[in-house]
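Asker: Structure supplied as upload_26.tsv; contents: TSV, C-alpha atoms.
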chain	number	residue	atom	x	y	z
I	142	MET	CA	24.05	2.69	0.88
I	143	ARG	CA	20.98	2.99	3.09
I	144	VAL	CA	21.47	2.55	6.84
I	145	ALA	CA	19.17	1.43	9.65
I	146	PRO	CA	17.43	3.96	11.88
I	147	ASN	CA	18.51	4.44	15.48
I	148	GLN	CA	16.57	2.56	18.15
I	149	THR	CA	14.95	5.79	19.34
I	150	GLN	CA	14.08	6.99	15.83
I	151	ILE	CA	10.81	6.81	13.90
I	152	GLU	CA	11.35	5.91	10.25
I	153	ILE	CA	8.63	6.02	7.60
I	154	ASN	CA	9.52	4.35	4.29
I	155	LEU	CA	7.33	4.58	1.19
I	156	PHE	CA	8.53	2.46	-1.74
I	157	GLY	CA	7.19	2.89	-5.27
I	158	GLY	CA	7.87	0.61	-8.21
I	159	GLY	CA	9.30	1.38	-11.61
I	160	ASN	CA	7.09	2.73	-14.38
I	161	ALA	CA	4.78	4.12	-11.69
I	162	TYR	CA	3.43	0.75	-10.52
I	163	GLY	CA	3.57	-0.73	-7.05
I	164	GLU	CA	3.47	0.50	-3.46
I	165	ALA	CA	4.79	-0.66	-0.09
I	166	ILE	CA	5.16	1.00	3.31
I	167	LEU	CA	7.56	0.09	6.11
I	168	ILE	CA	7.54	1.96	9.41
I	169	HIS	CA	10.04	1.70	12.24
I	170	LEU	CA	7.99	2.45	15.36
I	171	GLY	CA	11.11	2.70	17.50
I	172	TYR	CA	13.03	0.14	19.56
I	173	ASP	CA	13.27	-2.33	16.66
I	174	HIS	CA	9.50	-2.62	16.24
I	175	TRP	CA	8.36	-2.49	12.61
I	176	ILE	CA	5.08	-2.66	10.70
I	177	VAL	CA	4.53	-3.37	7.01
I	178	VAL	CA	1.62	-2.09	4.92
I	179	ASP	CA	1.32	-3.66	1.46
I	180	SER	CA	4.14	-5.05	-0.67
I	181	LEU	CA	6.05	-4.56	-3.90
I	182	LYS	CA	8.38	-6.95	-5.72
I	183	ASN	CA	11.59	-6.19	-7.53
I	184	PRO	CA	10.97	-7.94	-10.90
I	185	ARG	CA	14.70	-8.47	-11.42
I	186	THR	CA	15.19	-10.45	-8.21
I	187	ARG	CA	11.53	-11.53	-7.69
I	188	SER	CA	11.96	-10.53	-4.05
I	189	SER	CA	9.98	-8.12	-1.91
I	190	VAL	CA	11.67	-4.71	-1.81
I	191	ILE	CA	10.97	-4.66	1.93
I	192	LEU	CA	12.88	-7.90	2.49
I	193	GLU	CA	15.69	-6.53	0.34
I	194	TYR	CA	15.75	-3.35	2.47
I	195	PHE	CA	15.95	-5.41	5.67
I	196	GLU	CA	18.87	-7.35	4.24
I	197	GLU	CA	20.64	-4.14	3.21
I	198	ILE	CA	20.35	-2.51	6.65
I	199	GLY	CA	21.12	-5.74	8.53
I	200	LYS	CA	17.75	-6.26	10.17
I	201	ASP	CA	15.84	-9.50	10.69
I	202	PRO	CA	12.21	-9.69	9.44
I	203	SER	CA	11.34	-11.32	12.77
I	204	SER	CA	11.29	-7.78	14.22
I	205	ILE	CA	8.14	-7.02	12.17
I	206	LYS	CA	5.20	-6.79	14.58
I	207	LEU	CA	2.32	-6.44	12.12
I	208	ILE	CA	1.65	-6.78	8.38
I	209	VAL	CA	-1.41	-5.18	6.81
I	210	ALA	CA	-2.73	-5.90	3.33
I	211	SER	CA	-4.70	-2.71	2.78
I	212	HIS	CA	-6.56	-4.29	-0.15
I	213	TRP	CA	-5.92	-6.90	-2.82
I	214	HIS	CA	-5.06	-4.92	-5.94
I	215	ASP	CA	-1.93	-6.29	-7.60
I	216	ASP	CA	0.05	-3.07	-7.21
I	217	HIS	CA	-0.22	-3.35	-3.41
I	218	ILE	CA	0.26	-7.03	-2.56
I	219	LYS	CA	2.99	-8.63	-4.69
I	220	GLY	CA	5.33	-10.45	-2.33
I	221	ILE	CA	3.29	-9.92	0.83
I	222	SER	CA	3.08	-13.68	1.42
I	223	ASP	CA	6.91	-13.86	1.36
I	224	ILE	CA	7.14	-11.20	4.09
I	225	TYR	CA	4.50	-13.04	6.10
I	226	LYS	CA	6.44	-16.32	5.85
I	227	SER	CA	9.68	-14.59	6.91
I	228	SER	CA	8.21	-12.91	10.00
I	229	ASN	CA	6.70	-14.13	13.25
I	230	CYS	CA	3.90	-11.58	13.30
I	231	ARG	CA	0.21	-11.60	12.46
I	232	LEU	CA	-1.29	-10.30	9.25
I	233	SER	CA	-4.39	-8.13	8.97
I	234	ILE	CA	-6.76	-8.09	6.01
I	235	SER	CA	-9.97	-6.22	5.29
I	236	GLN	CA	-13.12	-7.82	6.63
I	237	ALA	CA	-14.75	-6.88	3.32
I	238	LEU	CA	-13.04	-9.21	0.84
I	239	PRO	CA	-14.04	-9.32	-2.83
I	240	LYS	CA	-16.14	-12.36	-3.61
I	241	GLU	CA	-13.44	-13.86	-5.87
I	242	TYR	CA	-11.23	-14.19	-2.80
I	243	ILE	CA	-13.93	-15.76	-0.69
I	244	ALA	CA	-14.48	-18.25	-3.51
I	245	LYS	CA	-10.80	-19.13	-3.34
I	246	LEU	CA	-10.94	-19.33	0.44
I	247	VAL	CA	-13.71	-21.96	0.35
I	248	SER	CA	-12.08	-23.72	-2.65
I	249	LEU	CA	-14.92	-23.09	-5.08
I	250	ASP	CA	-12.31	-22.31	-7.72
I	251	GLU	CA	-10.39	-25.54	-7.09
I	252	PHE	CA	-10.54	-26.63	-10.73
I	253	LYS	CA	-10.08	-23.20	-12.26
I	254	GLN	CA	-6.80	-21.75	-13.43
I	255	SER	CA	-5.93	-18.12	-12.80
I	256	GLU	CA	-2.93	-15.94	-13.49
I	257	ASN	CA	-4.27	-13.26	-11.14
I	258	SER	CA	-1.29	-12.63	-8.83
I	259	GLY	CA	-3.59	-11.13	-6.21
I	260	LEU	CA	-5.45	-14.41	-5.93
I	261	ASN	CA	-2.17	-16.32	-5.80
I	262	GLU	CA	-0.85	-14.08	-3.00
I	263	PHE	CA	-4.11	-14.52	-1.12
I	264	GLY	CA	-3.90	-18.30	-1.41
I	265	ASN	CA	-0.30	-18.27	-0.16
I	266	VAL	CA	-1.28	-16.07	2.80
I	267	ILE	CA	-4.11	-18.42	3.76
I	268	ARG	CA	-1.79	-21.45	3.59
I	269	SER	CA	0.85	-19.71	5.71
I	270	SER	CA	-1.76	-18.68	8.25
I	271	ILE	CA	-2.87	-22.30	8.61
I	272	GLU	CA	0.72	-23.57	8.85
I	273	LYS	CA	1.56	-20.97	11.49
I	274	ARG	CA	-1.71	-21.59	13.33
I	275	SER	CA	-2.03	-17.82	13.39
I	276	PRO	CA	-5.49	-16.58	12.38
I	277	LEU	CA	-5.63	-13.47	10.24
I	278	ILE	CA	-6.73	-10.26	11.96
I	279	ARG	CA	-9.88	-8.88	10.36
I	280	ALA	CA	-9.70	-5.11	10.10
I	281	ILE	CA	-12.82	-3.03	10.62
I	282	GLN	CA	-13.32	0.60	11.54
I	283	ASP	CA	-12.02	1.58	15.00
I	284	ARG	CA	-10.37	-1.77	15.69
I	285	PRO	CA	-6.87	-1.60	17.26
I	286	LEU	CA	-4.53	-3.89	15.31
I	287	LEU	CA	-1.39	-3.38	17.41
I	288	GLU	CA	-0.65	-1.89	20.84
I	289	LEU	CA	2.84	-1.72	22.34
I	290	ASN	CA	4.13	-0.07	25.50
I	291	THR	CA	7.84	0.63	25.81
I	292	ASP	CA	9.70	2.45	28.57
I	293	ASP	CA	9.56	5.69	26.61
I	294	CYS	CA	6.42	5.63	24.48
I	295	VAL	CA	3.02	4.19	23.69
I	296	ILE	CA	2.49	2.78	20.21
I	297	LYS	CA	-0.92	2.09	18.67
I	298	VAL	CA	-2.04	1.11	15.16
I	299	THR	CA	-5.78	1.40	14.51
I	300	ALA	CA	-7.90	0.59	11.47
I	301	LEU	CA	-10.19	3.47	10.44
I	302	SER	CA	-11.91	1.46	7.71
I	303	PRO	CA	-13.73	-0.48	6.30
I	304	SER	CA	-16.98	0.69	7.84
I	305	ASP	CA	-19.94	-1.37	9.01
I	306	ARG	CA	-21.74	-0.42	5.81
I	307	ALA	CA	-18.83	-1.68	3.68
I	308	ILE	CA	-19.03	-4.97	5.58
I	309	GLU	CA	-22.77	-5.10	4.91
I	310	VAL	CA	-22.16	-4.64	1.17
I	311	PHE	CA	-19.55	-7.40	1.36
I	312	GLU	CA	-22.06	-9.75	2.98
I	313	GLN	CA	-24.54	-9.02	0.21
I	314	GLU	CA	-21.88	-9.94	-2.35
I	315	LEU	CA	-21.07	-13.09	-0.37
I	316	ALA	CA	-24.64	-14.29	-0.88
I	317	GLU	CA	-24.00	-14.27	-4.64
I	318	ILE	CA	-20.98	-16.55	-4.52
I	319	LEU	CA	-22.74	-19.89	-4.67
I	320	ASN	CA	-24.85	-18.71	-7.62
I	321	ASP	CA	-21.81	-17.41	-9.48
I	322	ALA	CA	-19.23	-19.98	-8.41
I	323	TYR	CA	-19.16	-21.90	-11.67
I	324	ASP	CA	-19.27	-18.77	-13.82
I	325	LEU	CA	-16.42	-16.86	-12.17
I	326	ASN	CA	-13.69	-15.96	-14.63
I	327	LEU	CA	-11.07	-15.36	-11.99
I	328	ALA	CA	-8.43	-14.16	-14.44
I	329	CYS	CA	-10.62	-11.41	-15.85
I	330	LYS	CA	-13.02	-10.54	-13.06
I	331	ARG	CA	-12.46	-7.06	-11.67
I	332	ILE	CA	-11.91	-6.72	-7.95
I	333	SER	CA	-14.50	-4.80	-5.97
I	334	PRO	CA	-14.08	-1.03	-5.57
I	335	ASN	CA	-11.67	0.48	-3.08
I	336	HIS	CA	-14.36	1.05	-0.45
I	337	SER	CA	-13.01	-2.02	1.40
I	338	SER	CA	-9.47	-0.61	1.62
I	339	ILE	CA	-7.90	-0.33	5.11
I	340	VAL	CA	-6.97	3.18	6.28
I	341	LEU	CA	-4.58	3.14	9.24
I	342	LEU	CA	-3.83	5.59	12.03
I	343	VAL	CA	-0.35	5.02	13.46
I	344	GLN	CA	0.34	6.73	16.80
I	345	ILE	CA	3.85	6.74	18.26
I	346	GLU	CA	3.69	8.77	21.48
I	347	ASN	CA	2.98	12.32	20.16
I	348	THR	CA	3.40	11.46	16.48
I	349	LYS	CA	0.38	10.63	14.31
I	350	ILE	CA	0.64	9.14	10.82
I	351	LEU	CA	-2.38	8.61	8.56
I	352	LEU	CA	-2.04	5.99	5.82
I	353	GLY	CA	-4.81	6.47	3.26
I	354	ALA	CA	-4.35	3.25	1.22
I	355	ASP	CA	-6.60	3.50	-1.88
I	356	LEU	CA	-9.80	4.46	-0.09
I	357	GLU	CA	-12.16	6.64	-2.13
I	358	ILE	CA	-15.08	8.94	-1.54
I	359	HIS	CA	-18.34	7.03	-1.81
I	360	ALA	CA	-21.87	8.15	-2.65
I	361	ASP	CA	-23.05	6.28	0.44
I	362	GLN	CA	-22.31	8.55	3.41
I	363	ASN	CA	-21.62	5.48	5.56
I	364	MET	CA	-18.72	4.28	3.43
I	365	GLY	CA	-15.30	5.49	2.31
I	366	TRP	CA	-13.75	8.71	3.55
I	367	ASN	CA	-17.18	9.99	4.51
I	368	GLN	CA	-17.34	7.37	7.26
I	369	VAL	CA	-13.67	7.67	8.28
I	370	CYS	CA	-14.40	11.26	9.30
I	371	LYS	CA	-16.94	9.87	11.79
I	372	SER	CA	-14.39	7.55	13.38
I	373	SER	CA	-14.07	7.65	17.16
I	374	SER	CA	-10.37	6.68	16.96
I	375	ILE	CA	-9.01	9.87	15.41
I	376	SER	CA	-9.31	13.30	16.97
I	377	ALA	CA	-10.44	16.27	14.93
I	378	ASP	CA	-7.54	18.37	16.24
I	379	ASN	CA	-5.32	18.71	13.15
I	380	SER	CA	-2.58	16.61	14.74
I	381	VAL	CA	-1.66	14.23	11.88
I	382	GLU	CA	1.84	15.16	10.76
I	383	VAL	CA	2.43	12.65	7.93
I	384	PHE	CA	-0.28	11.72	5.44
I	385	LYS	CA	0.08	8.99	2.83
I	386	ILE	CA	-2.31	10.40	0.25
I	387	PRO	CA	-4.90	7.87	-0.92
I	388	HIS	CA	-5.34	6.35	-4.35
I	389	HIS	CA	-2.23	7.86	-5.95
I	390	GLY	CA	-3.50	11.42	-5.58
I	391	SER	CA	-6.69	10.80	-7.56
I	392	GLU	CA	-9.56	13.27	-7.14
I	393	ASN	CA	-11.86	10.44	-6.00
I	394	GLY	CA	-9.63	9.94	-2.96
I	395	HIS	CA	-9.54	13.63	-2.00
I	396	TYR	CA	-12.04	14.46	0.75
I	397	GLY	CA	-11.78	18.03	2.04
I	398	PRO	CA	-12.93	17.33	5.63
I	399	VAL	CA	-9.90	15.04	6.12
I	400	TRP	CA	-7.56	18.04	5.76
I	401	GLU	CA	-9.92	20.32	7.69
I	402	LYS	CA	-10.25	17.98	10.70
I	403	PHE	CA	-7.19	15.78	10.97
I	404	ILE	CA	-4.15	17.04	9.07
I	405	SER	CA	-1.67	19.41	10.70
I	406	LYS	CA	-0.97	22.72	8.99
I	407	ASP	CA	2.73	21.84	8.70
I	408	HIS	CA	2.28	18.22	7.62
I	409	ILE	CA	4.27	16.20	5.08
I	410	ALA	CA	2.37	14.33	2.35
I	411	ILE	CA	3.74	11.30	0.51
I	412	LEU	CA	2.33	9.29	-2.38
I	413	THR	CA	3.05	6.87	-5.20
I	414	PRO	CA	1.96	7.38	-8.81
I	415	TYR	CA	0.02	4.91	-10.95
I	416	GLY	CA	1.14	4.54	-14.56
I	417	ARG	CA	-0.93	1.67	-15.95
I	418	GLY	CA	-3.93	2.07	-18.21
I	419	LYS	CA	-5.28	5.15	-19.92
I	420	LYS	CA	-5.72	7.28	-16.82
I	421	LYS	CA	-2.38	7.86	-15.13
I	422	LEU	CA	-2.24	9.25	-11.60
I	423	PRO	CA	-1.69	11.84	-10.36
I	424	SER	CA	-2.81	14.07	-13.23
I	425	MET	CA	-1.63	17.66	-13.61
I	426	LYS	CA	-4.89	18.77	-12.00
I	427	ASP	CA	-4.30	16.34	-9.12
I	428	LYS	CA	-0.74	17.58	-8.67
I	429	GLU	CA	-1.85	21.21	-8.49
I	430	ARG	CA	-4.64	20.40	-6.02
I	431	ILE	CA	-2.34	18.42	-3.73
I	432	LEU	CA	0.32	21.14	-3.68
I	433	ILE	CA	-2.26	23.71	-2.58
I	434	THR	CA	-3.15	21.67	0.51
I	435	SER	CA	0.27	20.02	0.96
I	436	PRO	CA	3.22	22.17	-0.19
I	437	GLU	CA	5.64	19.68	1.42
I	438	SER	CA	4.69	16.71	-0.78
I	439	PHE	CA	6.94	13.93	-2.06
I	440	ILE	CA	6.34	11.23	-4.68
I	441	THR	CA	8.24	8.02	-5.41
I	442	SER	CA	8.67	8.63	-9.15
I	443	HIS	CA	9.86	11.44	-11.37
I	444	GLY	CA	6.87	10.87	-13.66
I	445	SER	CA	6.42	9.73	-17.20
I	446	GLU	CA	9.26	7.87	-18.84
I	447	SER	CA	9.89	7.11	-22.47
I	448	SER	CA	8.48	3.70	-23.39
I	449	LYS	CA	10.70	3.50	-26.48
I	450	PRO	CA	12.75	0.29	-26.28
I	451	LYS	CA	16.48	0.13	-26.74
I	452	LYS	CA	17.75	-0.53	-30.25
I	453	ARG	CA	18.49	-4.17	-31.05
I	454	ASP	CA	20.59	-5.75	-33.76
I	455	ARG	CA	18.71	-5.99	-37.09
I	456	LYS	CA	19.33	-9.74	-37.31
I	457	VAL	CA	17.81	-10.22	-33.85
I	458	ASN	CA	14.76	-8.18	-34.84
I	459	LYS	CA	14.38	-10.25	-38.01
I	460	ILE	CA	14.46	-13.53	-36.09
I	461	LEU	CA	11.95	-12.25	-33.54
I	462	LYS	CA	9.64	-11.14	-36.33
I	463	GLU	CA	9.86	-14.52	-38.09
I	464	LEU	CA	9.01	-16.27	-34.82
I	465	SER	CA	6.08	-13.86	-34.24
I	466	TYR	CA	7.53	-12.73	-30.94
I	467	LYS	CA	6.83	-9.31	-29.54
I	468	VAL	CA	9.42	-8.06	-27.09
I	469	ARG	CA	8.79	-5.30	-24.59
I	470	GLU	CA	11.60	-3.79	-22.59
I	471	ARG	CA	11.04	-4.38	-18.89
I	472	LYS	CA	12.41	-1.49	-16.91
I	473	PHE	CA	12.68	-1.39	-13.15
I	474	THR	CA	13.57	1.72	-11.31
I	475	PHE	CA	12.24	2.45	-7.87
I	476	GLY	CA	11.62	5.41	-5.63
I	477	HIS	CA	12.02	5.42	-1.88
I	478	ILE	CA	10.86	8.23	0.39
I	479	GLN	CA	12.29	8.08	3.89
I	480	LEU	CA	11.21	10.27	6.81
I	481	ARG	CA	12.97	10.22	10.18
I	482	ARG	CA	12.80	11.93	13.56
I	483	PRO	CA	13.21	10.96	17.25
I	484	VAL	CA	10.43	8.97	18.91
I	485	ASN	CA	9.77	11.55	21.61
I	486	SER	CA	9.68	14.62	19.36
I	487	ASN	CA	7.15	17.33	20.09
I	488	ILE	CA	4.34	17.97	17.64
I	489	GLY	CA	5.66	20.21	14.87
I	490	SER	CA	9.27	19.04	15.14
I	491	GLU	CA	11.01	18.81	11.79
I	492	TRP	CA	11.38	15.56	9.89
I	493	GLU	CA	14.57	14.53	8.13
I	494	VAL	CA	13.58	13.78	4.52
I	495	LEU	CA	15.75	11.39	2.50
I	496	LEU	CA	14.96	10.65	-1.16
I	497	HIS	CA	16.37	7.55	-2.85
I	498	GLY	CA	16.12	6.30	-6.41
I	499	ASN	CA	13.55	8.23	-8.43
I	500	ALA	CA	11.78	9.84	-5.49
I	501	LYS	CA	11.20	13.56	-5.94
I	502	ARG	CA	9.33	16.52	-4.57
I	503	LEU	CA	5.85	16.48	-6.06
I	504	GLN	CA	6.45	19.89	-7.63
I	505	ASP	CA	9.14	18.24	-9.82
I	506	PHE	CA	6.86	15.40	-10.93
I	507	ASN	CA	6.42	15.20	-14.72
I	508	VAL	CA	2.82	14.30	-15.50
Write out the structure in this file as structure tokens.
Answerer:
Amino acid sequence: MRVAPNQTQIEINLFGGGNAYGEAILIHLGYDHWIVVDSLKNPRTRSSVILEYFEEIGKDPSSIKLIVASHWHDDHIKGISDIYKSSNCRLSISQALPKEYIAKLVSLDEFKQSENSGLNEFGNVIRSSIEKRSPLIRAIQDRPLLELNTDDCVIKVTALSPSDRAIEVFEQELAEILNDAYDLNLACKRISPNHSSIVLLVQIENTKILLGADLEIHADQNMGWNQVCKSSSISADNSVEVFKIPHHGSENGHYGPVWEKFISKDHIAILTPYGRGKKKLPSMKDKERILITSPESFITSHGSESSKPKKRDRKVNKILKELSYKVRERKFTFGHIQLRRPVNSNIGSEWEVLLHGNAKRLQDFNV
């Protein structure tokens, strides 16, 4: 049974879905102030794992102060509209939206059908925003998204991306929408690259947390991690103590200057794996690279699982075959990494690390 943090305790929660798919972050900033970054659904209950966690620990979602959709890939946004509806806070999205989403926003896809859950979540968010009369916060580099002052600490959440150049690229794509509107295959169209992903710096008094989303290195020096390192909102003093590693530990999200400038020597790194498609993340090479820079690393899954389905009765198999049905076993296990320490801890103070479900040390991850 998981229990709620104390009022004067920081709590960082990273949830990862079963079969290495899905990611959600929930942070207790202290004094019953929470922020949510991305979302993940439990396929058994069809509910957000964050809302389920709130119910388990006896907390009301109305205490959420900010929700951020770091980007609109399906493994990061399932259920985010449900959290938004259940809370009284504002929601922040990237200023650089893929053109499919802008098309939906202006109803150019009104007569098209799509099974893309990202588009469905986006539509639900827009409707909720209108119903609440609460405009979405557009994230852009160096924009504060949340500032709170309590009796004991100052809390600030700042977007470190997307950059001005990423916004410029977005505006170029926007110009193509009217030309492409009646050719968009919304169910098959690939979402734009991760250069529009929102990286967040969370500061709670002396504690700094860097959430890397899925941002990648980009050939353009004014985009991606290249540009984050030029941000005026984060000091190059190696003071970040918790780093959510970007893009599931992939090499294209690893930018050396980030560790050299921002990350504390004694930091903790956390990440989720990605198990869909041919290229699963992190790879063995990724794992080894991460452990060199971050010996204290934790991941939400124990790695590869057998995809072999459970045995079924022969008669059942015969009937399924005659009906031309193909049945895949749908597993759901989850991993939950939980870090805690007092709000007013000094830099370098130890974190309490709690691992739930399939969460493991990265060194025990089976690629």
Asker: Counting all atoms listed in the file, give me one row per residue of segment 282-393 of chain I with an atom at most 9 Å from an atom of segment 168-185 of chain I, showing the shortest contact pair and its distance in Å to one decimal, sorted by chain then residue number, as JSON lines.
Answerer:
{"residue": "I:Thr291", "atom": "CA", "partner": "I:Tyr172", "partner_atom": "CA", "distance": 8.1}
{"residue": "I:Cys294", "atom": "CA", "partner": "I:Gly171", "partner_atom": "CA", "distance": 8.9}
{"residue": "I:Ile296", "atom": "CA", "partner": "I:Leu170", "partner_atom": "CA", "distance": 7.3}
{"residue": "I:Val343", "atom": "CA", "partner": "I:Leu170", "partner_atom": "CA", "distance": 8.9}
{"residue": "I:Gln344", "atom": "CA", "partner": "I:Leu170", "partner_atom": "CA", "distance": 8.9}
{"residue": "I:Ile345", "atom": "CA", "partner": "I:Leu170", "partner_atom": "CA", "distance": 6.6}
{"residue": "I:Leu352", "atom": "CA", "partner": "I:Val178", "partner_atom": "CA", "distance": 8.9}
{"residue": "I:Ala354", "atom": "CA", "partner": "I:Val178", "partner_atom": "CA", "distance": 8.8}
Asker: What's the 12 Å shell around Glu401 of chain I, counting only C-alpha atoms, without same-chain residues fewer than 5 positions away, as a list in words?
Answerer: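 Returned residues: Cys370, Ser376, Ala377, Asp378, Asn379, Ser380, Val381, His395, Tyr396, Lys406 and Thr434 of chain I.
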Asker: Atom CA of Lys385 of chain I to atom CA of His477 of chain I: how many Å, to one decimal?
Answerer: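 Going from atom CA of Lys385 of chain I over to atom CA of His477 of chain I, I get 13.3 Å.
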Asker: Quick one: residues within 12 Å of Asp407 of chain I, all atoms listed in the file, excluding same-chain residues fewer than 6 positions away - as a PyMOL selection string?
Answerer: chain I and resi 379-384+400+434-438+488-492
Asker: Select, from I:Pro414, I:Pro483, I:Leu207, I:His389, the residue with the minimum atom-to-atom distance to Asn499 of chain I, counting all atoms listed in the file.
Answerer: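 For Asn499 of chain I, the nearest of the given residues is I:Pro414.
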Asker: Between atom CA of Leu412 of chain I and atom CA of Lys297 of chain I, what distance in Å does the model show, to one decimal?
Answerer: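 Here the two named atoms are 22.5 Å from each other.
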Asker: Mind pulling up the distance from atom CA of Lys371 of chain I to atom CA of Asp283 of chain I?
Answerer: 10.2 Å
Asker: Ranking I:Leu232, I:Leu422, I:Ala145, I:Val369 by minimum distance to Asp201 of chain I and counting only C-alpha atoms, which one comes first?
Answerer: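 Looking at the shortest contact to Asp201 of chain I, the residue is I:Ala145.
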Asker: Around the point (-7.0, 2.5, 0.8), in the coordinates given by the file, pick out the residues reaching within 7 Å, counting all atoms listed in the file, and return them as number ranges by chain.
Answerer: I: 211-212, 335, 338-340, 353-356, 387-388
Asker: Between I:Leu289, I:Leu480, I:Val494, I:Leu503, which residue has the minimum interatomic distance to Ser442 of chain I, considering all atoms listed in the file?
Answerer: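 For Ser442 of chain I, the nearest of the given residues is I:Leu503.
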Asker: Nearest to Asp216 of chain I among I:Gly163, I:Pro202, I:Gly259, I:Gly390, with distances taken over all atoms listed in the file: which residue is it?
Answerer: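 For Asp216 of chain I, the nearest of the given residues is I:Gly163.
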Asker: Using only C-alpha atoms, can you tell me which of I:Ile234, I:Gln313, I:Leu301, I:Ile411 comes closest to Glu164 of chain I?
Answerer: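 With only C-alpha atoms as the atom set, the closest residue is I:Ile411.
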Asker: I need the residue nearest Ile271 of chain I from this list: I:Lys226, I:Leu155, I:Arg306, I:Pro398. Use only C-alpha atoms for the distance.
Answerer: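 With only C-alpha atoms as the atom set, the closest residue is I:Lys226.
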Asker: Enclose the full set of atoms of segment 173-192 of chain I listed in the file within a box whose edges lie along x, y and z, apply 6 Å of padding to each of the six sides, and report centre and edge lengths in Å to one decimal as JSON.
Answerer:
{"center_x": 8.3, "center_y": -6.8, "center_z": 2.6, "size_x": 25.9, "size_y": 21.4, "size_z": 40.1}
